[in-house]
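Notes for the one structure printed next.
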Amino acid sequence: MADLSITIDLHYFMKDKNLHDMDASVNHKCGQSLVNVINNLGDVFDEDVQVDIAAIGKGGFKDIYKVIVRNIKSESAFVALLTCLLTHFIGVAPSSDETQKQLNRVEIISKIKEGEFSENEINFIITGDPKYIKNRNSFYHSLNKEPNVAKVTCTALNNESNEKILDHSCIEKKDFEDQIITKESKEVIDEYAACSILVTSPVLMQGHTSGWRGLFNNQPIIFKIMDKAFLEKVYSKEVAFAVGTTLICDLKVISETKFDEVGHELETTRVYSISNVVSYTEANDLPEKKKLYEKKRKSSMIKESSLYDNPNFFEK
């Protein structure tokens, strides 16, 4: 099997055409990010990849990389993958295609290794790779700190055939910041009217910092009660709590989901608060009152279950 040699020309254009200096730390971090994604491409597709750096060219600030793939197994596939990687790496990120979420990465990688692939599958493998996303994010996070760079271009040449595999890919300074993915969170607020909460641990003393504990939709929760009129009854011991005490109330649930820079979900926290206590049942309630309550509770629980069973419940 023959070796493949590709030269990548990464050109940083300065605002001042006569300026040929660039922050060394920024250049190092940007270069390392590009090298990382190329090496990762070799790891994923079992190719022996070596990345060398050549002399810096004139005009702005230019990095020249030489990618050597020893005993390459599938030249057409690797060239297609590297071309796609460079095109998206040095360019405005495309919007995600909803149909791509249904694709299977393992199956597609196996197909590409066998030389069977489509442009859509190549794009999916490159732009959906976590290491690619992380390093691309690092590249623009570093580059955005260099005030003198006006744009970046990239070309790539197959040294054996002397043919360009990438004629020109470009991104301007105004688009750098938009390429940076920051750690984000999504907040969802859900409100339930006249729902039921079984109290397992009430807060009977005013000023106590602990939250109330109970069961909502058969799940243990910690919650706060904001209904001052009801709390006054609790503190004055007008409300007696025992096993089975249940609140019929208006409940607000604030769910916050945190994501990493790749978009993977890290954790979800929920804050429960009761704005209004509609009614409550005590252990010594009359059977008639309990029966009426059970009917209301059953109706409420059916409503709650249907909400949680909805697969789109936590979506925006």
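Residues in the structure tokens are named by chain (A, B, ... in the order shown) and by number from 1 within that chain; ligands are numbered from 1 in the order shown.
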Contacts of Lys228 (chain A) at 10 Å or less, counting only C-alpha atoms, minus same-chain residues fewer than 6 places along, as a PyMOL selection string? chain A and resi 234+275-277
Next, write the just-selected residues to a file, as an mmCIF file, in the first residue's frame, keeping N, CA, C and O atoms as the atom set.
```cif
data_model
loop_
_atom_site.group_PDB
_atom_site.id
_atom_site.type_symbol
_atom_site.label_atom_id
_atom_site.label_comp_id
_atom_site.auth_asym_id
_atom_site.auth_seq_id
_atom_site.Cartn_x
_atom_site.Cartn_y
_atom_site.Cartn_z
ATOM 1 N N VAL A 234 -50.166 26.447 59.903
ATOM 2 C CA VAL A 234 -49.225 25.393 60.276
ATOM 3 C C VAL A 234 -48.465 25.783 61.537
ATOM 4 O O VAL A 234 -48.352 24.998 62.496
ATOM 5 N N SER A 275 -47.496 27.703 45.396
ATOM 6 C CA SER A 275 -47.950 29.091 45.507
ATOM 7 C C SER A 275 -49.259 29.201 46.265
ATOM 8 O O SER A 275 -49.528 30.213 46.904
ATOM 9 N N ASN A 276 -50.069 28.141 46.216
ATOM 10 C CA ASN A 276 -51.397 28.202 46.839
ATOM 11 C C ASN A 276 -51.835 26.803 47.268
ATOM 12 O O ASN A 276 -51.789 25.871 46.482
ATOM 13 N N VAL A 277 -52.232 26.694 48.539
ATOM 14 C CA VAL A 277 -52.783 25.436 49.037
ATOM 15 C C VAL A 277 -54.301 25.523 48.945
ATOM 16 O O VAL A 277 -54.937 26.310 49.661
#
```
Per DSSP on the backbone, filter region 16-104 of chain A down to the residues in helix (DSSP H, G or I) and report them as a ChimeraX atom specification. /A:24-44,75-89,98-102
With only C-alpha atoms as the basis for distance, which of A:Thr7, A:Asn18, A:Thr257, A:Ser74 is at the shortest distance from Asp167 (chain A)?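 Selected residue with least distance to Asp167 (chain A): A:Thr7.
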Spatial neighbours of Ala194 (chain A), max dist 8 Å, only C-alpha atoms, sep filter under 5 positions, as a list in words: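 Those residues are Ile248, Cys249, Asp250, Leu251, Val278 and Ser300 of chain A.
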Which polymer residues have any atom within 7 Å of an atom of Phe139 (chain A), counting only C-alpha atoms, with same-chain residues fewer than 3 positions away left out, as an mmCIF file with N, CA and C atoms, in the first residue's frame?
```cif
data_model
loop_
_atom_site.group_PDB
_atom_site.id
_atom_site.type_symbol
_atom_site.label_atom_id
_atom_site.label_comp_id
_atom_site.auth_asym_id
_atom_site.auth_seq_id
_atom_site.Cartn_x
_atom_site.Cartn_y
_atom_site.Cartn_z
ATOM 1 N N LYS A 29 -2.159 27.381 20.138
ATOM 2 C CA LYS A 29 -3.413 26.727 20.514
ATOM 3 C C LYS A 29 -4.265 26.405 19.289
ATOM 4 N N CYS A 30 -4.300 27.335 18.331
ATOM 5 C CA CYS A 30 -5.075 27.097 17.103
ATOM 6 C C CYS A 30 -4.468 25.938 16.315
ATOM 7 N N SER A 33 -5.167 22.583 17.938
ATOM 8 C CA SER A 33 -6.554 22.151 17.730
ATOM 9 C C SER A 33 -6.725 21.492 16.372
ATOM 10 N N ASN A 135 -12.287 20.545 19.772
ATOM 11 C CA ASN A 135 -11.096 21.216 19.254
ATOM 12 C C ASN A 135 -11.441 22.397 18.356
ATOM 13 N N ARG A 136 -12.509 22.286 17.591
ATOM 14 C CA ARG A 136 -12.945 23.424 16.772
ATOM 15 C C ARG A 136 -13.351 24.583 17.673
ATOM 16 N N SER A 142 -9.607 30.568 21.000
ATOM 17 C CA SER A 142 -8.253 31.144 21.036
ATOM 18 C C SER A 142 -8.101 32.226 19.977
ATOM 19 N N LEU A 143 -8.543 31.937 18.756
ATOM 20 C CA LEU A 143 -8.361 32.860 17.635
ATOM 21 C C LEU A 143 -9.095 34.183 17.860
#
```
Residue neighbourhood Met205 (chain A), 12 Å, only C-alpha atoms, exclusion window fewer than 3 positions, as a PDB file with N, CA and C atoms, in the first residue's frame:
```pdb
ATOM      1  N   PRO A 202     -43.104  17.538  57.123  1.00  0.00           N
ATOM      2  CA  PRO A 202     -43.467  18.954  57.101  1.00  0.00           C
ATOM      3  C   PRO A 202     -42.450  19.808  57.860  1.00  0.00           C
ATOM      4  N   HIS A 208     -37.350  27.906  59.871  1.00  0.00           N
ATOM      5  CA  HIS A 208     -36.533  26.717  59.630  1.00  0.00           C
ATOM      6  C   HIS A 208     -36.092  26.700  58.173  1.00  0.00           C
ATOM      7  N   THR A 209     -34.812  26.427  57.951  1.00  0.00           N
ATOM      8  CA  THR A 209     -34.276  26.506  56.584  1.00  0.00           C
ATOM      9  C   THR A 209     -34.503  25.244  55.759  1.00  0.00           C
ATOM     10  N   SER A 210     -34.847  24.147  56.408  1.00  0.00           N
ATOM     11  CA  SER A 210     -35.073  22.906  55.663  1.00  0.00           C
ATOM     12  C   SER A 210     -36.343  22.997  54.829  1.00  0.00           C
ATOM     13  N   GLY A 211     -36.360  22.290  53.706  1.00  0.00           N
ATOM     14  CA  GLY A 211     -37.547  22.284  52.868  1.00  0.00           C
ATOM     15  C   GLY A 211     -38.518  21.188  53.274  1.00  0.00           C
ATOM     16  N   TRP A 212     -39.752  21.348  52.837  1.00  0.00           N
ATOM     17  CA  TRP A 212     -40.751  20.306  53.049  1.00  0.00           C
ATOM     18  C   TRP A 212     -40.390  19.120  52.156  1.00  0.00           C
ATOM     19  N   LEU A 231     -49.269  28.753  55.835  1.00  0.00           N
ATOM     20  CA  LEU A 231     -48.144  28.606  56.747  1.00  0.00           C
ATOM     21  C   LEU A 231     -48.487  29.110  58.145  1.00  0.00           C
ATOM     22  N   GLU A 232     -49.276  30.173  58.230  1.00  0.00           N
ATOM     23  CA  GLU A 232     -49.690  30.690  59.545  1.00  0.00           C
ATOM     24  C   GLU A 232     -50.496  29.648  60.301  1.00  0.00           C
ATOM     25  N   LYS A 233     -51.332  28.910  59.583  1.00  0.00           N
ATOM     26  CA  LYS A 233     -52.108  27.836  60.218  1.00  0.00           C
ATOM     27  C   LYS A 233     -51.191  26.713  60.693  1.00  0.00           C
ATOM     28  N   VAL A 234     -50.166  26.447  59.903  1.00  0.00           N
ATOM     29  CA  VAL A 234     -49.225  25.393  60.276  1.00  0.00           C
ATOM     30  C   VAL A 234     -48.465  25.783  61.537  1.00  0.00           C
ATOM     31  N   TYR A 235     -47.946  27.034  61.571  1.00  0.00           N
ATOM     32  CA  TYR A 235     -47.141  27.479  62.703  1.00  0.00           C
ATOM     33  C   TYR A 235     -47.969  27.628  63.983  1.00  0.00           C
ATOM     34  N   SER A 236     -49.258  27.923  63.799  1.00  0.00           N
ATOM     35  CA  SER A 236     -50.138  28.038  64.979  1.00  0.00           C
ATOM     36  C   SER A 236     -50.773  26.697  65.340  1.00  0.00           C
ATOM     37  N   LYS A 237     -50.367  25.654  64.652  1.00  0.00           N
ATOM     38  CA  LYS A 237     -50.805  24.275  64.898  1.00  0.00           C
ATOM     39  C   LYS A 237     -52.295  24.053  64.645  1.00  0.00           C
TER      40      LYS A 237
END
```
I want to know what sits within 8 Å of Ala77 (chain A), based on only C-alpha atoms, with residues of the same chain fewer than 2 positions away left out; could you give that as a PyMOL selection string? chain A and resi 74-75+79-81+112-113+115+117
Can you spit out the residues from that selection as a PDB file, in the first residue's frame, using C-alpha atoms?
```
ATOM      1  CA  SER A  74      -8.670   3.793   1.601  1.00  0.00           C
ATOM      2  CA  GLU A  75      -7.301   6.940  -0.030  1.00  0.00           C
ATOM      3  CA  VAL A  79      -9.335  12.412   1.264  1.00  0.00           C
ATOM      4  CA  ALA A  80     -13.107  12.922   1.389  1.00  0.00           C
ATOM      5  CA  LEU A  81     -13.066  12.957   5.197  1.00  0.00           C
ATOM      6  CA  ILE A 112     -16.706   4.390   5.063  1.00  0.00           C
ATOM      7  CA  LYS A 113     -13.831   2.035   5.903  1.00  0.00           C
ATOM      8  CA  GLY A 115     -15.263   2.653   0.708  1.00  0.00           C
ATOM      9  CA  PHE A 117     -20.208   6.527   1.684  1.00  0.00           C
TER      10      PHE A 117
END
```
